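Novice: Quick one: structure below, then a few questions.
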Amino acid sequence: MGQLHDLTALEQGDAIRTGDLSPVELTNHYLERIERLDATVGAFITVTPEVARKQAAEAEQVAAEARREGRELPPLHGVPVPVKDVTSVAGVRCTMGSAALVDHVPTVDDHVATKLRAAGTILLGKTNTPEFALPPYTENRVAPPARTPWALDRSAGGSSGGAATAVASGLAPVAHGTDSGGSIRIPSSACGLFGLKPSRGRVGDGPTLRDVSGMTTSGPLARTVADAAALLDVLAAPMLGDPFTAPALPPGETFVQQARRRPRALRVACMPEPSVPGVSLHPDCRKAVDEAADLLRELDHTVEEMAPPAMSAEAGAALLDIWKVMAATSPVPPGAEELLTPLTRYLRAEAPGVSGVTYVQGLQELRKLGQMIADTIQPAGTGYDIILTPTLAQPPVPVSSLHDDANPANGFELMSAFTPYTMLYNATGQPAASVPLHWTADNVPIGVMLAARYGDEATLISLSAQLEEARPWAARVPSLR
């Protein structure tokens, strides 16, 4: 069967349930790879071998008892799933990518960690993130930069760059990420993975930190659509106190089941051009979208190219204001400001200029944007089912090329030119996924993004799985893997 990390997460789970694979053996396999390769790719901030081995031994015992008693186990029982280092796991260091929090050890689990424990997954550690998950690259003052294993001089993207390179490099079968403006989809594109940002309310945040703007959610990064769907099934369990709730699947349905169903013929709106003024689309990214559109047509879907909705100046300003407030409300200990990165310090210094009235008006602008997109994707039969765009406007960029520490404001233009597409769906709350259908001539991955109606992850997953079946991407692996 090749090496253990060549198995999908669901294949690993199946082998554990039948007794053909030991969670202890699997965990040790990944820990050995992390020890050998992590310094090269920058996937982890904190590795937890003692926790992982203890959980693996417990999972092995539970699996043996379940076989004797004829009980079913969750699909990912005994499968390693690292957690992004902005999410609290009780007793495990949580730096949030900041030198100001290198000694911070939470005493409670965030809801995501609680769900992963209940599903029987194994915590290998906490994956790399930029400070407070703010920018679209993964470089900080506590760990090496996260690099895509397809080209080690290039960034893995961000802010879930550690999660992405962990999966792409074979250091984990699947990974948890968070997404406030593209933070799952950006690194998935850079690392050749399938990454899904769920609908607002599908995965609750808290209880330690909550994003009151509704922009942020947790979601899966994986090599296959089915693996991502299986992790979404775990993460999507509702929790008391969730401030938003997405429409539930029909009783008894799972997202994994959607990955095994062929979608009906869909109407797809293809919007290749950026909606941000002055941003140009790299020819390789345009080629990726054109090829995806052709493949969709081959699969009997209707694809119509159209201009993107114009991003108003008010909406753009609102997104920047929310970003500033996110930085200002991050948990920086007293007296630790000088430990922060220049970008974080700049955003926090700008935040007092955002009044409460301005902040609420900004949220109202984003809700208008959501309505505009909802009017484009109307109920089935009367509008479009899917929007197709590039995930990024450029291929993966060199490490350290998206920020200017001497003048952090200069980085905004660089970041906008790199990722003008993803934040739209954080504003609207729609589900969106980066699908790895294209590689450049020098073997660097480029994703395309699919977005569906609010609450309709089922169609998004089903269509993505159909594309995967037509153009299998998991067979392509970086040489480092």
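In the structure tokens, chains take letters A, B, ... by order of appearance, with residues numbered from 1 within each chain and ligands from 1 in the order shown.
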Do a neighbour search on A:Ala230 at 9 Å with only C-alpha atoms, toss out local chain neighbours closer than 6 positions, and write the hits as a ChimeraX atom specification.
Specialist: /A:9-10,75-76,220,254-256
Novice: At a cut-off of 9 Å, using only C-alpha atoms, what residues contact A:Leu37? Leave out same-chain residues fewer than 5 positions from it and give the result as number ranges by chain.
Specialist: A: 32, 42, 169, 171, 480
Novice: With only C-alpha atoms as the atoms that count, which of A:Thr129, A:Thr245, A:Thr40, A:Thr391 lies nearest to A:Gly455?
Specialist: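 Result for the nearest residue to A:Gly455: A:Thr245.
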Novice: Determine, counting only C-alpha atoms, which protein, DNA and RNA residues have an atom within 8 Å of an atom of A:Ala259; residues of the same chain fewer than 4 positions away are not included. Present the result as a list in words.
Specialist: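 Here the answer would be Val225, Ala226, Ala229, Phe255, Ala458, Ile461, Ser462, Ser464 and Ala465 of chain A.
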Novice: Restrict the selected residues to all heavy atoms and save them as a PDB file, in the first residue's frame.
Specialist:
```
ATOM      1  N   VAL A 225     -11.245  15.539  -1.746  1.00  0.00           N
ATOM      2  CA  VAL A 225     -12.515  16.171  -1.359  1.00  0.00           C
ATOM      3  C   VAL A 225     -13.190  15.353  -0.262  1.00  0.00           C
ATOM      4  O   VAL A 225     -13.742  15.911   0.698  1.00  0.00           O
ATOM      5  CB  VAL A 225     -13.434  16.302  -2.584  1.00  0.00           C
ATOM      6  CG1 VAL A 225     -14.796  16.856  -2.177  1.00  0.00           C
ATOM      7  CG2 VAL A 225     -12.791  17.194  -3.636  1.00  0.00           C
ATOM      8  N   ALA A 226     -13.164  14.024  -0.378  1.00  0.00           N
ATOM      9  CA  ALA A 226     -13.820  13.187   0.625  1.00  0.00           C
ATOM     10  C   ALA A 226     -13.190  13.352   2.001  1.00  0.00           C
ATOM     11  O   ALA A 226     -13.893  13.380   3.020  1.00  0.00           O
ATOM     12  CB  ALA A 226     -13.787  11.719   0.194  1.00  0.00           C
ATOM     13  N   ALA A 229     -14.402  16.558   3.396  1.00  0.00           N
ATOM     14  CA  ALA A 229     -15.795  16.411   3.808  1.00  0.00           C
ATOM     15  C   ALA A 229     -15.905  15.680   5.138  1.00  0.00           C
ATOM     16  O   ALA A 229     -16.728  16.028   5.997  1.00  0.00           O
ATOM     17  CB  ALA A 229     -16.579  15.678   2.725  1.00  0.00           C
ATOM     18  N   PHE A 255     -21.594  15.120   4.972  1.00  0.00           N
ATOM     19  CA  PHE A 255     -20.869  15.747   3.875  1.00  0.00           C
ATOM     20  C   PHE A 255     -20.052  14.721   3.098  1.00  0.00           C
ATOM     21  O   PHE A 255     -19.848  14.872   1.889  1.00  0.00           O
ATOM     22  CB  PHE A 255     -19.991  16.882   4.400  1.00  0.00           C
ATOM     23  CG  PHE A 255     -20.790  18.067   4.870  1.00  0.00           C
ATOM     24  CD1 PHE A 255     -20.823  18.416   6.208  1.00  0.00           C
ATOM     25  CD2 PHE A 255     -21.531  18.811   3.972  1.00  0.00           C
ATOM     26  CE1 PHE A 255     -21.571  19.500   6.642  1.00  0.00           C
ATOM     27  CE2 PHE A 255     -22.290  19.895   4.393  1.00  0.00           C
ATOM     28  CZ  PHE A 255     -22.314  20.243   5.726  1.00  0.00           C
ATOM     29  N   ALA A 458     -23.171  21.147   0.194  1.00  0.00           N
ATOM     30  CA  ALA A 458     -23.425  19.853  -0.439  1.00  0.00           C
ATOM     31  C   ALA A 458     -23.132  19.920  -1.941  1.00  0.00           C
ATOM     32  O   ALA A 458     -22.427  19.064  -2.489  1.00  0.00           O
ATOM     33  CB  ALA A 458     -24.861  19.411  -0.186  1.00  0.00           C
ATOM     34  N   ILE A 461     -19.307  20.468  -2.561  1.00  0.00           N
ATOM     35  CA  ILE A 461     -18.524  19.249  -2.349  1.00  0.00           C
ATOM     36  C   ILE A 461     -18.768  18.245  -3.462  1.00  0.00           C
ATOM     37  O   ILE A 461     -17.830  17.628  -3.997  1.00  0.00           O
ATOM     38  CB  ILE A 461     -18.856  18.647  -0.964  1.00  0.00           C
ATOM     39  CG1 ILE A 461     -18.262  19.529   0.144  1.00  0.00           C
ATOM     40  CG2 ILE A 461     -18.351  17.216  -0.845  1.00  0.00           C
ATOM     41  CD1 ILE A 461     -18.730  19.172   1.537  1.00  0.00           C
ATOM     42  N   SER A 462     -20.019  18.068  -3.854  1.00  0.00           N
ATOM     43  CA  SER A 462     -20.349  17.119  -4.920  1.00  0.00           C
ATOM     44  C   SER A 462     -19.685  17.505  -6.234  1.00  0.00           C
ATOM     45  O   SER A 462     -19.099  16.661  -6.934  1.00  0.00           O
ATOM     46  CB  SER A 462     -21.875  17.055  -5.086  1.00  0.00           C
ATOM     47  OG  SER A 462     -22.236  16.186  -6.134  1.00  0.00           O
ATOM     48  N   SER A 464     -16.997  19.484  -6.623  1.00  0.00           N
ATOM     49  CA  SER A 464     -15.545  19.371  -6.474  1.00  0.00           C
ATOM     50  C   SER A 464     -15.096  17.920  -6.608  1.00  0.00           C
ATOM     51  O   SER A 464     -14.058  17.636  -7.224  1.00  0.00           O
ATOM     52  CB  SER A 464     -15.112  19.942  -5.128  1.00  0.00           C
ATOM     53  OG  SER A 464     -15.424  21.318  -5.017  1.00  0.00           O
ATOM     54  N   ALA A 465     -15.862  16.993  -6.052  1.00  0.00           N
ATOM     55  CA  ALA A 465     -15.515  15.574  -6.159  1.00  0.00           C
ATOM     56  C   ALA A 465     -15.630  15.097  -7.604  1.00  0.00           C
ATOM     57  O   ALA A 465     -14.833  14.256  -8.057  1.00  0.00           O
ATOM     58  CB  ALA A 465     -16.420  14.751  -5.244  1.00  0.00           C
TER      59      ALA A 465
END
```
Novice: Applying 10 Å and only C-alpha atoms, which residues near A:Asp211 remain after dropping the ones on its own chain fewer than 6 positions away? List them as a PyMOL selection string.
Specialist: chain A and resi 180+205+217+243+326+329
Novice: Using only C-alpha atoms, which of the listed residues (A:Asp233, A:Asp456, A:Asp385, A:Glu273) sits closest to A:Val303?
Specialist: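 Of A:Asp233, A:Asp456, A:Asp385, A:Glu273, the one nearest A:Val303 is A:Asp385, counting only C-alpha atoms.
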